[in-house]
$ cat target_37.cif   # mmCIF, N, CA and C atoms
data_input
#
loop_
_atom_site.label_atom_id
_atom_site.label_comp_id
_atom_site.auth_asym_id
_atom_site.auth_seq_id
_atom_site.Cartn_x
_atom_site.Cartn_y
_atom_site.Cartn_z
N MET A 656 -11.98 4.29 0.12
CA MET A 656 -10.87 5.21 0.17
C MET A 656 -11.17 6.38 -0.76
N GLY A 657 -10.96 7.57 -0.27
CA GLY A 657 -11.16 8.74 -1.07
C GLY A 657 -9.86 9.21 -1.69
N LEU A 658 -9.94 10.27 -2.45
CA LEU A 658 -8.75 10.81 -3.08
C LEU A 658 -7.88 11.56 -2.09
N PHE A 659 -8.50 12.31 -1.17
CA PHE A 659 -7.75 13.11 -0.22
C PHE A 659 -7.87 12.63 1.22
N PHE A 660 -8.89 11.83 1.55
CA PHE A 660 -9.09 11.34 2.91
C PHE A 660 -9.20 9.83 2.92
N GLU A 661 -8.56 9.20 3.89
CA GLU A 661 -8.73 7.78 4.15
C GLU A 661 -9.73 7.67 5.29
N HIS A 662 -10.93 7.22 4.97
CA HIS A 662 -11.97 7.13 5.98
C HIS A 662 -11.84 5.81 6.73
N PRO A 663 -12.17 5.82 8.01
CA PRO A 663 -12.11 4.58 8.78
C PRO A 663 -13.06 3.54 8.20
N THR A 664 -12.77 2.29 8.51
CA THR A 664 -13.58 1.21 8.00
C THR A 664 -14.96 1.22 8.63
N GLN A 665 -15.83 0.45 8.05
CA GLN A 665 -17.21 0.36 8.53
C GLN A 665 -17.22 -0.09 9.98
N GLN A 666 -17.98 0.60 10.81
CA GLN A 666 -18.04 0.31 12.23
C GLN A 666 -18.92 -0.91 12.49
N VAL A 667 -18.39 -1.91 13.19
CA VAL A 667 -19.15 -3.09 13.56
C VAL A 667 -19.86 -2.78 14.89
N PRO A 668 -21.13 -3.16 15.04
CA PRO A 668 -21.83 -2.89 16.30
C PRO A 668 -21.09 -3.48 17.50
N THR A 669 -21.14 -2.78 18.61
CA THR A 669 -20.40 -3.17 19.81
C THR A 669 -20.82 -4.55 20.32
N ASP A 670 -22.11 -4.86 20.25
CA ASP A 670 -22.54 -6.16 20.75
C ASP A 670 -22.01 -7.31 19.88
N VAL A 671 -21.89 -7.08 18.58
CA VAL A 671 -21.32 -8.09 17.69
C VAL A 671 -19.84 -8.28 18.00
N VAL A 672 -19.13 -7.17 18.20
CA VAL A 672 -17.70 -7.25 18.54
C VAL A 672 -17.53 -8.00 19.85
N SER A 673 -18.34 -7.65 20.84
CA SER A 673 -18.24 -8.29 22.14
C SER A 673 -18.49 -9.79 22.04
N SER A 674 -19.51 -10.18 21.30
CA SER A 674 -19.80 -11.62 21.18
C SER A 674 -18.70 -12.36 20.41
N GLU A 675 -18.13 -11.72 19.38
CA GLU A 675 -17.05 -12.37 18.63
C GLU A 675 -15.79 -12.52 19.49
N ILE A 676 -15.47 -11.49 20.26
CA ILE A 676 -14.29 -11.57 21.12
C ILE A 676 -14.52 -12.63 22.20
N ARG A 677 -15.73 -12.66 22.76
CA ARG A 677 -16.05 -13.67 23.78
C ARG A 677 -15.92 -15.07 23.20
N ARG A 678 -16.47 -15.27 22.00
CA ARG A 678 -16.37 -16.58 21.35
C ARG A 678 -14.92 -16.95 21.07
N ALA A 679 -14.12 -15.96 20.66
CA ALA A 679 -12.70 -16.22 20.40
C ALA A 679 -11.96 -16.56 21.69
N LEU A 680 -12.30 -15.87 22.78
CA LEU A 680 -11.66 -16.17 24.06
C LEU A 680 -12.00 -17.58 24.54
N LEU A 681 -13.24 -17.98 24.35
CA LEU A 681 -13.65 -19.31 24.79
C LEU A 681 -13.13 -20.41 23.86
N ASP A 682 -12.82 -20.05 22.60
CA ASP A 682 -12.27 -21.02 21.65
C ASP A 682 -10.75 -20.95 21.60
N SER A 683 -10.12 -20.38 22.63
CA SER A 683 -8.67 -20.17 22.59
C SER A 683 -7.94 -21.50 22.48
N GLY A 684 -6.71 -21.41 22.04
CA GLY A 684 -5.90 -22.61 21.84
C GLY A 684 -5.90 -23.08 20.40
N VAL A 685 -6.42 -22.28 19.49
CA VAL A 685 -6.41 -22.62 18.07
C VAL A 685 -4.98 -22.58 17.56
N SER A 686 -4.60 -23.55 16.75
CA SER A 686 -3.20 -23.63 16.30
C SER A 686 -2.82 -22.45 15.40
N ASP A 687 -3.68 -22.06 14.49
CA ASP A 687 -3.38 -20.93 13.60
C ASP A 687 -4.39 -19.82 13.88
N ALA A 688 -4.06 -18.98 14.85
CA ALA A 688 -4.99 -17.93 15.30
C ALA A 688 -5.25 -16.91 14.20
N ALA A 689 -4.23 -16.57 13.41
CA ALA A 689 -4.40 -15.56 12.36
C ALA A 689 -5.37 -16.04 11.29
N ALA A 690 -5.27 -17.30 10.90
CA ALA A 690 -6.18 -17.83 9.89
C ALA A 690 -7.60 -17.92 10.42
N ALA A 691 -7.74 -18.33 11.68
CA ALA A 691 -9.08 -18.39 12.28
C ALA A 691 -9.69 -17.00 12.41
N ALA A 692 -8.87 -16.01 12.75
CA ALA A 692 -9.37 -14.64 12.84
C ALA A 692 -9.78 -14.13 11.47
N ALA A 693 -9.01 -14.44 10.45
CA ALA A 693 -9.37 -14.02 9.09
C ALA A 693 -10.68 -14.67 8.65
N GLN A 694 -10.88 -15.93 9.03
CA GLN A 694 -12.12 -16.62 8.69
C GLN A 694 -13.31 -15.96 9.40
N ARG A 695 -13.13 -15.61 10.67
CA ARG A 695 -14.21 -14.94 11.41
C ARG A 695 -14.51 -13.56 10.82
N MET A 696 -13.48 -12.85 10.37
CA MET A 696 -13.69 -11.54 9.73
C MET A 696 -14.45 -11.71 8.43
N GLY A 697 -14.17 -12.78 7.71
CA GLY A 697 -14.90 -13.06 6.47
C GLY A 697 -16.37 -13.32 6.74
N LEU A 698 -16.66 -14.01 7.84
CA LEU A 698 -18.05 -14.27 8.20
C LEU A 698 -18.77 -12.98 8.59
N LEU A 699 -18.02 -12.06 9.23
CA LEU A 699 -18.61 -10.77 9.60
C LEU A 699 -18.81 -9.87 8.37
N GLY A 700 -18.01 -10.07 7.35
CA GLY A 700 -18.12 -9.27 6.14
C GLY A 700 -17.52 -7.89 6.29
N VAL A 701 -16.54 -7.76 7.17
CA VAL A 701 -15.92 -6.46 7.44
C VAL A 701 -14.41 -6.63 7.39
N HIS A 702 -13.72 -5.62 6.89
CA HIS A 702 -12.26 -5.61 6.91
C HIS A 702 -11.81 -4.50 7.85
N ASP A 703 -11.58 -4.85 9.09
CA ASP A 703 -11.11 -3.90 10.10
C ASP A 703 -9.87 -4.50 10.75
N PRO A 704 -8.69 -3.97 10.45
CA PRO A 704 -7.46 -4.56 10.99
C PRO A 704 -7.42 -4.57 12.51
N ARG A 705 -8.03 -3.55 13.14
CA ARG A 705 -8.02 -3.51 14.60
C ARG A 705 -8.84 -4.67 15.18
N LEU A 706 -9.99 -4.95 14.59
CA LEU A 706 -10.83 -6.04 15.06
C LEU A 706 -10.18 -7.40 14.79
N GLU A 707 -9.57 -7.54 13.62
CA GLU A 707 -8.89 -8.80 13.30
C GLU A 707 -7.74 -9.05 14.26
N SER A 708 -7.00 -8.02 14.60
CA SER A 708 -5.91 -8.15 15.57
C SER A 708 -6.45 -8.53 16.95
N ALA A 709 -7.57 -7.93 17.33
CA ALA A 709 -8.17 -8.25 18.63
C ALA A 709 -8.65 -9.70 18.68
N ILE A 710 -9.24 -10.17 17.59
CA ILE A 710 -9.71 -11.56 17.54
C ILE A 710 -8.51 -12.52 17.57
N THR A 711 -7.45 -12.19 16.85
CA THR A 711 -6.25 -13.02 16.86
C THR A 711 -5.67 -13.10 18.27
N SER A 712 -5.59 -11.96 18.95
CA SER A 712 -5.08 -11.96 20.33
C SER A 712 -5.98 -12.76 21.24
N ALA A 713 -7.29 -12.63 21.07
CA ALA A 713 -8.23 -13.36 21.92
C ALA A 713 -8.12 -14.85 21.71
N LEU A 714 -7.83 -15.27 20.49
CA LEU A 714 -7.67 -16.71 20.22
C LEU A 714 -6.42 -17.27 20.87
N GLN A 715 -5.47 -16.42 21.21
CA GLN A 715 -4.22 -16.87 21.81
C GLN A 715 -4.26 -16.81 23.34
N ILE A 716 -5.28 -16.16 23.90
CA ILE A 716 -5.40 -15.99 25.35
C ILE A 716 -6.41 -17.00 25.87
N SER A 717 -6.10 -17.58 27.00
CA SER A 717 -7.03 -18.52 27.63
C SER A 717 -7.54 -17.88 28.92
N PRO A 718 -8.80 -17.41 28.95
CA PRO A 718 -9.31 -16.78 30.17
C PRO A 718 -9.54 -17.81 31.27
N SER A 719 -9.53 -17.34 32.51
CA SER A 719 -9.69 -18.25 33.64
C SER A 719 -11.13 -18.73 33.81
N SER A 720 -12.10 -17.90 33.42
CA SER A 720 -13.51 -18.30 33.55
C SER A 720 -14.33 -17.60 32.48
N GLU A 721 -15.61 -17.99 32.37
CA GLU A 721 -16.49 -17.34 31.40
C GLU A 721 -16.77 -15.90 31.79
N ALA A 722 -16.84 -15.62 33.07
CA ALA A 722 -17.06 -14.24 33.53
C ALA A 722 -15.87 -13.36 33.14
N ASP A 723 -14.67 -13.92 33.27
CA ASP A 723 -13.47 -13.19 32.87
C ASP A 723 -13.49 -12.94 31.35
N ALA A 724 -13.95 -13.92 30.59
CA ALA A 724 -14.06 -13.77 29.13
C ALA A 724 -15.07 -12.67 28.78
N ASP A 725 -16.19 -12.63 29.52
CA ASP A 725 -17.19 -11.57 29.29
C ASP A 725 -16.61 -10.19 29.57
N ASP A 726 -15.87 -10.07 30.67
CA ASP A 726 -15.27 -8.78 31.03
C ASP A 726 -14.25 -8.33 29.99
N GLN A 727 -13.41 -9.27 29.57
CA GLN A 727 -12.40 -8.93 28.56
C GLN A 727 -13.06 -8.57 27.23
N ALA A 728 -14.10 -9.28 26.87
CA ALA A 728 -14.80 -9.00 25.61
C ALA A 728 -15.44 -7.61 25.64
N ARG A 729 -16.06 -7.25 26.75
CA ARG A 729 -16.66 -5.91 26.87
C ARG A 729 -15.60 -4.82 26.81
N ALA A 730 -14.46 -5.07 27.45
CA ALA A 730 -13.38 -4.08 27.45
C ALA A 730 -12.83 -3.87 26.04
N VAL A 731 -12.63 -4.96 25.31
CA VAL A 731 -12.12 -4.86 23.93
C VAL A 731 -13.14 -4.16 23.04
N ALA A 732 -14.42 -4.51 23.21
CA ALA A 732 -15.48 -3.89 22.40
C ALA A 732 -15.55 -2.39 22.67
N ALA A 733 -15.39 -1.99 23.92
CA ALA A 733 -15.41 -0.55 24.26
C ALA A 733 -14.20 0.16 23.65
N THR A 734 -13.06 -0.51 23.64
CA THR A 734 -11.86 0.09 23.05
C THR A 734 -12.02 0.26 21.54
N LEU A 735 -12.58 -0.76 20.90
CA LEU A 735 -12.75 -0.70 19.44
C LEU A 735 -13.90 0.20 19.01
N ALA A 736 -14.77 0.59 19.95
CA ALA A 736 -15.91 1.44 19.60
C ALA A 736 -15.46 2.85 19.23
N THR A 737 -14.33 3.29 19.76
CA THR A 737 -13.81 4.60 19.39
C THR A 737 -13.22 4.52 18.00
N GLN A 738 -13.72 5.34 17.11
CA GLN A 738 -13.30 5.28 15.72
C GLN A 738 -12.22 6.33 15.47
N PRO A 739 -11.12 5.93 14.83
CA PRO A 739 -10.06 6.89 14.55
C PRO A 739 -10.53 7.94 13.54
N PRO A 740 -9.99 9.14 13.61
CA PRO A 740 -10.39 10.18 12.65
C PRO A 740 -9.89 9.87 11.24
N ALA A 741 -10.50 10.50 10.28
CA ALA A 741 -10.09 10.31 8.89
C ALA A 741 -8.67 10.84 8.70
N GLN A 742 -7.88 10.10 7.96
CA GLN A 742 -6.50 10.48 7.68
C GLN A 742 -6.46 11.32 6.40
N PHE A 743 -5.76 12.44 6.44
CA PHE A 743 -5.66 13.32 5.29
C PHE A 743 -4.36 13.02 4.55
N PHE A 744 -4.44 12.86 3.23
CA PHE A 744 -3.27 12.60 2.39
C PHE A 744 -2.67 13.93 1.95
N TRP A 745 -1.67 14.38 2.65
CA TRP A 745 -1.04 15.67 2.35
C TRP A 745 -0.32 15.67 1.01
N GLY A 746 0.28 14.56 0.64
CA GLY A 746 1.01 14.49 -0.63
C GLY A 746 0.10 14.70 -1.83
N ARG A 747 -1.08 14.10 -1.80
CA ARG A 747 -2.02 14.26 -2.90
C ARG A 747 -2.56 15.68 -2.96
N ALA A 748 -2.81 16.27 -1.80
CA ALA A 748 -3.28 17.65 -1.77
C ALA A 748 -2.20 18.60 -2.30
N THR A 749 -0.96 18.35 -1.90
CA THR A 749 0.15 19.18 -2.38
C THR A 749 0.31 19.05 -3.89
N LEU A 750 0.18 17.83 -4.40
CA LEU A 750 0.28 17.61 -5.84
C LEU A 750 -0.80 18.38 -6.59
N SER A 751 -2.02 18.40 -6.07
CA SER A 751 -3.09 19.13 -6.75
C SER A 751 -2.84 20.64 -6.71
N VAL A 752 -2.30 21.15 -5.61
CA VAL A 752 -1.98 22.58 -5.54
C VAL A 752 -0.85 22.92 -6.50
N VAL A 753 0.15 22.05 -6.59
CA VAL A 753 1.26 22.27 -7.52
C VAL A 753 0.75 22.25 -8.96
N LEU A 754 -0.16 21.35 -9.28
CA LEU A 754 -0.74 21.30 -10.62
C LEU A 754 -1.50 22.59 -10.93
N PHE A 755 -2.30 23.05 -9.98
CA PHE A 755 -3.03 24.31 -10.17
C PHE A 755 -2.08 25.48 -10.37
N VAL A 756 -1.07 25.60 -9.51
CA VAL A 756 -0.12 26.71 -9.61
C VAL A 756 0.66 26.64 -10.92
N GLY A 757 1.04 25.42 -11.34
CA GLY A 757 1.76 25.27 -12.60
C GLY A 757 0.94 25.71 -13.80
N LEU A 758 -0.33 25.31 -13.82
CA LEU A 758 -1.20 25.71 -14.94
C LEU A 758 -1.45 27.22 -14.92
N ALA A 759 -1.66 27.79 -13.74
CA ALA A 759 -1.87 29.23 -13.66
C ALA A 759 -0.60 29.99 -14.08
N ALA A 760 0.56 29.49 -13.66
CA ALA A 760 1.82 30.14 -14.04
C ALA A 760 2.03 30.07 -15.56
N MET A 761 1.68 28.95 -16.16
CA MET A 761 1.81 28.84 -17.62
C MET A 761 0.83 29.78 -18.31
N GLY A 762 -0.34 29.98 -17.70
CA GLY A 762 -1.31 30.94 -18.25
C GLY A 762 -0.75 32.35 -18.20
N PHE A 763 -0.15 32.73 -17.05
CA PHE A 763 0.45 34.06 -16.94
C PHE A 763 1.62 34.23 -17.91
N TRP A 764 2.44 33.18 -18.03
CA TRP A 764 3.57 33.26 -18.93
C TRP A 764 3.11 33.41 -20.38
N SER A 765 2.12 32.62 -20.80
CA SER A 765 1.66 32.72 -22.19
C SER A 765 0.94 34.04 -22.44
N ASP A 766 0.31 34.60 -21.42
CA ASP A 766 -0.32 35.92 -21.57
C ASP A 766 0.75 37.00 -21.70
N ALA A 767 1.85 36.85 -20.93
CA ALA A 767 2.92 37.84 -20.99
C ALA A 767 3.66 37.78 -22.32
N THR A 768 3.69 36.60 -22.96
CA THR A 768 4.37 36.47 -24.24
C THR A 768 3.41 36.65 -25.41
N HIS A 769 2.22 37.17 -25.11
CA HIS A 769 1.20 37.53 -26.12
C HIS A 769 0.72 36.34 -26.94
N HIS A 770 0.38 35.26 -26.23
CA HIS A 770 -0.29 34.11 -26.84
C HIS A 770 -1.66 33.99 -26.17
N PRO A 771 -2.61 34.78 -26.63
CA PRO A 771 -3.90 34.84 -25.92
C PRO A 771 -4.67 33.52 -25.93
N THR A 772 -4.57 32.75 -26.99
CA THR A 772 -5.30 31.48 -27.05
C THR A 772 -4.73 30.50 -26.03
N SER A 773 -3.41 30.43 -25.93
CA SER A 773 -2.78 29.54 -24.96
C SER A 773 -3.09 29.99 -23.54
N ALA A 774 -3.06 31.31 -23.31
CA ALA A 774 -3.35 31.82 -21.97
C ALA A 774 -4.77 31.46 -21.56
N THR A 775 -5.71 31.59 -22.46
CA THR A 775 -7.10 31.24 -22.16
C THR A 775 -7.23 29.76 -21.83
N ALA A 776 -6.54 28.92 -22.59
CA ALA A 776 -6.60 27.47 -22.35
C ALA A 776 -5.99 27.12 -20.99
N PHE A 777 -4.81 27.70 -20.69
CA PHE A 777 -4.16 27.39 -19.41
C PHE A 777 -4.99 27.88 -18.23
N PHE A 778 -5.56 29.08 -18.33
CA PHE A 778 -6.40 29.58 -17.24
C PHE A 778 -7.67 28.72 -17.10
N GLY A 779 -8.20 28.24 -18.21
CA GLY A 779 -9.35 27.34 -18.15
C GLY A 779 -9.02 26.03 -17.46
N PHE A 780 -7.85 25.45 -17.80
CA PHE A 780 -7.42 24.21 -17.14
C PHE A 780 -7.19 24.45 -15.64
N ALA A 781 -6.55 25.57 -15.31
CA ALA A 781 -6.30 25.88 -13.90
C ALA A 781 -7.61 26.03 -13.14
N GLY A 782 -8.58 26.69 -13.74
CA GLY A 782 -9.89 26.85 -13.09
C GLY A 782 -10.60 25.51 -12.92
N ALA A 783 -10.46 24.64 -13.92
CA ALA A 783 -11.08 23.31 -13.82
C ALA A 783 -10.43 22.49 -12.71
N VAL A 784 -9.10 22.52 -12.62
CA VAL A 784 -8.41 21.79 -11.55
C VAL A 784 -8.82 22.34 -10.19
N PHE A 785 -8.89 23.65 -10.06
CA PHE A 785 -9.30 24.25 -8.79
C PHE A 785 -10.71 23.83 -8.42
N GLY A 786 -11.62 23.85 -9.38
CA GLY A 786 -13.00 23.46 -9.11
C GLY A 786 -13.14 22.00 -8.72
N ILE A 787 -12.43 21.14 -9.44
CA ILE A 787 -12.50 19.70 -9.14
C ILE A 787 -11.92 19.40 -7.76
N VAL A 788 -10.77 19.98 -7.46
CA VAL A 788 -10.14 19.73 -6.16
C VAL A 788 -11.03 20.26 -5.03
N THR A 789 -11.58 21.44 -5.19
CA THR A 789 -12.45 22.00 -4.17
C THR A 789 -13.69 21.13 -3.97
N ALA A 790 -14.29 20.67 -5.04
CA ALA A 790 -15.48 19.81 -4.94
C ALA A 790 -15.14 18.49 -4.26
N LEU A 791 -14.01 17.87 -4.63
CA LEU A 791 -13.63 16.61 -4.01
C LEU A 791 -13.33 16.77 -2.53
N LEU A 792 -12.63 17.84 -2.17
CA LEU A 792 -12.33 18.08 -0.76
C LEU A 792 -13.60 18.27 0.06
N SER A 793 -14.51 19.07 -0.44
CA SER A 793 -15.73 19.33 0.34
C SER A 793 -16.62 18.09 0.41
N ALA A 794 -16.70 17.32 -0.65
CA ALA A 794 -17.53 16.11 -0.64
C ALA A 794 -16.94 15.05 0.28
N GLU A 795 -15.62 14.88 0.26
CA GLU A 795 -14.99 13.87 1.10
C GLU A 795 -15.01 14.28 2.57
N LYS A 796 -14.79 15.54 2.85
CA LYS A 796 -14.80 15.99 4.24
C LYS A 796 -16.21 15.90 4.83
N ALA A 797 -17.22 16.13 4.03
CA ALA A 797 -18.59 16.01 4.51
C ALA A 797 -18.93 14.58 4.87
N ARG A 798 -18.29 13.62 4.22
CA ARG A 798 -18.52 12.20 4.50
C ARG A 798 -17.96 11.77 5.84
N SER A 799 -16.91 12.46 6.30
CA SER A 799 -16.26 12.02 7.53
C SER A 799 -16.94 12.54 8.77
#
$ encode --input "target_37.cif" --output "C-alpha coordinates"
Amino acid sequence: MGLFFEHPTQQVPTDVVSSEIRRALLDSGVSDAAAAAAQRMGLLGVHDPRLESAITSALQISPSSEADADDQARAVAATLATQPPAQFFWGRATLSVVLFVGLAAMGFWSDATHHPTSATAFFGFAGAVFGIVTALLSAEKARS
(Lines of atoms letter the chains of each structure in order from A and count residues from 1; the text may use other names and numbers.)
(Lines give C-alpha, C1' and ligand atoms only; values in the text may rest on other atoms or scores of the structure.)
Protein backbone atom coordinates (compact mmCIF):
# COMPACT_ATOMS: atom_id res chain seq x y z
CA MET A 1 0.00 0.00 0.00
CA GLY A 2 1.31 3.39 -0.92
CA LEU A 3 0.64 6.75 0.65
CA PHE A 4 -1.51 8.07 -2.20
CA PHE A 5 -2.32 4.95 -4.28
CA GLU A 6 -3.69 1.55 -3.31
CA HIS A 7 -2.09 -0.80 -5.80
CA PRO A 8 -3.80 -4.05 -6.73
CA THR A 9 -2.52 -7.21 -5.14
CA GLN A 10 0.10 -9.40 -6.72
CA GLN A 11 -1.26 -11.06 -9.84
CA VAL A 12 -1.45 -14.87 -9.68
CA PRO A 13 -0.73 -16.61 -13.02
CA THR A 14 -3.87 -17.61 -14.90
CA ASP A 15 -2.94 -21.28 -15.09
CA VAL A 16 -2.48 -21.44 -11.31
CA VAL A 17 -5.84 -19.74 -10.76
CA SER A 18 -7.51 -22.11 -13.21
CA SER A 19 -6.04 -25.20 -11.54
CA GLU A 20 -6.99 -23.97 -8.04
CA ILE A 21 -10.56 -23.19 -9.10
CA ARG A 22 -10.80 -26.59 -10.85
CA ARG A 23 -9.50 -28.35 -7.74
CA ALA A 24 -11.98 -26.41 -5.59
CA LEU A 25 -14.86 -27.30 -7.91
CA LEU A 26 -13.95 -30.98 -7.81
CA ASP A 27 -13.55 -30.86 -3.99
CA SER A 28 -16.95 -29.19 -3.54
CA GLY A 29 -19.09 -30.06 -0.57
CA VAL A 30 -16.58 -28.91 2.06
CA SER A 31 -18.37 -28.03 5.29
CA ASP A 32 -16.44 -24.79 5.94
CA ALA A 33 -15.72 -23.36 2.49
CA ALA A 34 -14.33 -20.06 3.79
CA ALA A 35 -11.74 -21.77 5.99
CA ALA A 36 -10.73 -24.12 3.19
CA ALA A 37 -10.39 -21.17 0.80
CA ALA A 38 -8.24 -19.30 3.33
CA GLN A 39 -6.04 -22.38 3.69
CA ARG A 40 -5.63 -22.62 -0.10
CA MET A 41 -4.77 -18.90 -0.27
CA GLY A 42 -2.13 -19.48 2.40
CA LEU A 43 -0.61 -22.25 0.30
CA LEU A 44 -0.54 -19.92 -2.70
CA GLY A 45 1.12 -17.21 -0.61
CA VAL A 46 -1.11 -14.47 -2.00
CA HIS A 47 -3.75 -12.27 -0.41
CA ASP A 48 -6.27 -11.51 -3.15
CA PRO A 49 -9.85 -11.12 -1.89
CA ARG A 50 -11.27 -11.69 -5.37
CA LEU A 51 -9.47 -15.04 -5.71
CA GLU A 52 -10.40 -16.12 -2.19
CA SER A 53 -14.05 -15.32 -2.90
CA ALA A 54 -13.89 -17.29 -6.16
CA ILE A 55 -12.37 -20.30 -4.39
CA THR A 56 -15.01 -20.11 -1.65
CA SER A 57 -17.78 -20.02 -4.26
CA ALA A 58 -16.20 -22.90 -6.17
CA LEU A 59 -16.09 -25.00 -3.01
CA GLN A 60 -19.84 -24.50 -2.61
CA ILE A 61 -20.73 -25.41 -6.22
CA SER A 62 -20.90 -28.98 -7.43
CA PRO A 63 -20.24 -29.18 -11.19
CA SER A 64 -22.00 -31.83 -13.26
CA SER A 65 -18.80 -33.17 -14.84
CA GLU A 66 -15.04 -32.63 -15.00
CA ALA A 67 -15.41 -30.90 -18.37
CA ASP A 68 -17.90 -28.49 -16.81
CA ALA A 69 -15.41 -27.87 -13.96
CA ASP A 70 -12.67 -27.13 -16.53
CA ASP A 71 -14.92 -24.65 -18.37
CA GLN A 72 -15.95 -22.90 -15.17
CA ALA A 73 -12.34 -22.74 -13.96
CA ARG A 74 -11.15 -21.18 -17.24
CA ALA A 75 -14.00 -18.65 -17.13
CA VAL A 76 -13.18 -17.62 -13.55
CA ALA A 77 -9.45 -17.42 -14.34
CA ALA A 78 -10.18 -15.17 -17.34
CA THR A 79 -12.37 -12.94 -15.18
CA LEU A 80 -9.73 -12.65 -12.47
CA ALA A 81 -6.97 -11.96 -15.02
CA THR A 82 -8.24 -8.41 -15.49
CA GLN A 83 -6.57 -6.33 -12.83
CA PRO A 84 -8.43 -3.39 -11.31
CA PRO A 85 -6.75 0.02 -11.63
CA ALA A 86 -4.91 1.58 -8.72
CA GLN A 87 -7.19 3.42 -6.32
CA PHE A 88 -6.26 7.03 -5.53
CA PHE A 89 -6.71 8.27 -1.94
CA TRP A 90 -8.20 11.73 -2.43
CA GLY A 91 -8.38 12.49 1.29
CA ARG A 92 -4.64 12.04 1.78
CA ALA A 93 -3.86 14.13 -1.28
CA THR A 94 -6.19 16.87 -0.05
CA LEU A 95 -4.56 16.79 3.37
CA SER A 96 -1.11 17.24 1.84
CA VAL A 97 -2.32 20.19 -0.28
CA VAL A 98 -3.94 21.77 2.80
CA LEU A 99 -0.68 21.33 4.73
CA PHE A 100 1.29 22.97 1.91
CA VAL A 101 -1.16 25.87 1.59
CA GLY A 102 -1.22 26.35 5.38
CA LEU A 103 2.56 26.53 5.63
CA ALA A 104 2.79 28.88 2.64
CA ALA A 105 0.06 31.10 4.11
CA MET A 106 1.90 31.24 7.44
CA GLY A 107 5.05 32.19 5.52
CA PHE A 108 3.22 35.05 3.78
CA TRP A 109 1.64 36.16 7.05
CA SER A 110 4.97 36.18 8.93
CA ASP A 111 6.60 38.04 6.03
CA ALA A 112 3.82 40.63 6.08
CA THR A 113 4.26 41.12 9.83
CA HIS A 114 8.03 41.58 9.34
CA HIS A 115 9.29 38.35 10.90
CA PRO A 116 11.85 37.39 8.26
CA THR A 117 13.27 34.39 10.14
CA SER A 118 9.82 32.85 10.61
CA ALA A 119 8.89 33.56 6.99
CA THR A 120 12.03 31.81 5.78
CA ALA A 121 11.31 28.79 7.98
CA PHE A 122 7.67 28.53 6.88
CA PHE A 123 8.56 28.86 3.19
CA GLY A 124 11.26 26.22 3.67
CA PHE A 125 8.76 23.83 5.28
CA ALA A 126 6.23 24.51 2.52
CA GLY A 127 8.86 23.80 -0.14
CA ALA A 128 9.86 20.58 1.62
CA VAL A 129 6.23 19.39 1.82
CA PHE A 130 5.71 20.23 -1.85
CA GLY A 131 8.86 18.35 -2.85
CA ILE A 132 8.06 15.28 -0.78
CA VAL A 133 4.47 15.08 -2.00
CA THR A 134 5.52 15.52 -5.63
CA ALA A 135 8.21 12.83 -5.31
CA LEU A 136 5.82 10.38 -3.63
CA LEU A 137 3.11 10.95 -6.23
CA SER A 138 5.46 10.45 -9.16
CA ALA A 139 7.13 7.38 -7.64
CA GLU A 140 3.83 5.71 -6.75
CA LYS A 141 2.17 6.50 -10.06
CA ALA A 142 5.16 5.09 -11.94
CA ARG A 143 4.69 1.82 -10.04
CA SER A 144 1.13 1.38 -11.25
$ atom_distance --input "target_37.cif" --atom1 "CA of Phe744 in chain A" --atom2 "CA of Val784 in chain A"
17.5 Å
$ closest_residue --input "target_37.cif" --among "A:Val672, A:Leu758, A:Leu714, A:Ala774" --to "Ala689 in chain A" --atoms "only N, CA and C atoms"
A:Leu714
$ resolve_selection --input "target_37.cif" --expression "the PyMOL selection byres ((chain A and resi 718) around 8)" --output "list in words"
Ala679, Leu680, Leu681, Asp682, Ser683, Ala713, Gln715, Ile716, Ser717, Ser719, Ser720, Glu721, Ala722, Asp723 and Ala724 of chain A
$ write_last_selection --input "target_37.cif" --atoms "N, CA and C atoms" --output "mmCIF file, in the coordinates of the input"
data_model
loop_
_atom_site.group_PDB
_atom_site.id
_atom_site.type_symbol
_atom_site.label_atom_id
_atom_site.label_comp_id
_atom_site.auth_asym_id
_atom_site.auth_seq_id
_atom_site.Cartn_x
_atom_site.Cartn_y
_atom_site.Cartn_z
ATOM 1 N N ALA A 679 -14.120 -15.960 20.660
ATOM 2 C CA ALA A 679 -12.700 -16.220 20.400
ATOM 3 C C ALA A 679 -11.960 -16.560 21.690
ATOM 4 N N LEU A 680 -12.300 -15.870 22.780
ATOM 5 C CA LEU A 680 -11.660 -16.170 24.060
ATOM 6 C C LEU A 680 -12.000 -17.580 24.540
ATOM 7 N N LEU A 681 -13.240 -17.980 24.350
ATOM 8 C CA LEU A 681 -13.650 -19.310 24.790
ATOM 9 C C LEU A 681 -13.130 -20.410 23.860
ATOM 10 N N ASP A 682 -12.820 -20.050 22.600
ATOM 11 C CA ASP A 682 -12.270 -21.020 21.650
ATOM 12 C C ASP A 682 -10.750 -20.950 21.600
ATOM 13 N N SER A 683 -10.120 -20.380 22.630
ATOM 14 C CA SER A 683 -8.670 -20.170 22.590
ATOM 15 C C SER A 683 -7.940 -21.500 22.480
ATOM 16 N N ALA A 713 -7.290 -12.630 21.070
ATOM 17 C CA ALA A 713 -8.230 -13.360 21.920
ATOM 18 C C ALA A 713 -8.120 -14.850 21.710
ATOM 19 N N GLN A 715 -5.470 -16.420 21.210
ATOM 20 C CA GLN A 715 -4.220 -16.870 21.810
ATOM 21 C C GLN A 715 -4.260 -16.810 23.340
ATOM 22 N N ILE A 716 -5.280 -16.160 23.900
ATOM 23 C CA ILE A 716 -5.400 -15.990 25.350
ATOM 24 C C ILE A 716 -6.410 -17.000 25.870
ATOM 25 N N SER A 717 -6.100 -17.580 27.000
ATOM 26 C CA SER A 717 -7.030 -18.520 27.630
ATOM 27 C C SER A 717 -7.540 -17.880 28.920
ATOM 28 N N SER A 719 -9.530 -17.340 32.510
ATOM 29 C CA SER A 719 -9.690 -18.250 33.640
ATOM 30 C C SER A 719 -11.130 -18.730 33.810
ATOM 31 N N SER A 720 -12.100 -17.900 33.420
ATOM 32 C CA SER A 720 -13.510 -18.300 33.550
ATOM 33 C C SER A 720 -14.330 -17.600 32.480
ATOM 34 N N GLU A 721 -15.610 -17.990 32.370
ATOM 35 C CA GLU A 721 -16.490 -17.340 31.400
ATOM 36 C C GLU A 721 -16.770 -15.900 31.790
ATOM 37 N N ALA A 722 -16.840 -15.620 33.070
ATOM 38 C CA ALA A 722 -17.060 -14.240 33.530
ATOM 39 C C ALA A 722 -15.870 -13.360 33.140
ATOM 40 N N ASP A 723 -14.670 -13.920 33.270
ATOM 41 C CA ASP A 723 -13.470 -13.190 32.870
ATOM 42 C C ASP A 723 -13.490 -12.940 31.350
ATOM 43 N N ALA A 724 -13.950 -13.920 30.590
ATOM 44 C CA ALA A 724 -14.060 -13.770 29.130
ATOM 45 C C ALA A 724 -15.070 -12.670 28.780
#
$ select_by_dssp --input "target_37.cif" --residues "chain A" --states "helix (DSSP H, G or I)" --output "MDAnalysis selection string"
chainID A and resid 669:681 688:699 704:715 721:736 745:767 771:798
$ closest_residue --input "target_37.cif" --among "A:Arg729, A:Arg747, A:Arg695, A:Lys796" --to "Ser673 in chain A" --atoms "all atoms listed in the file"
A:Arg729
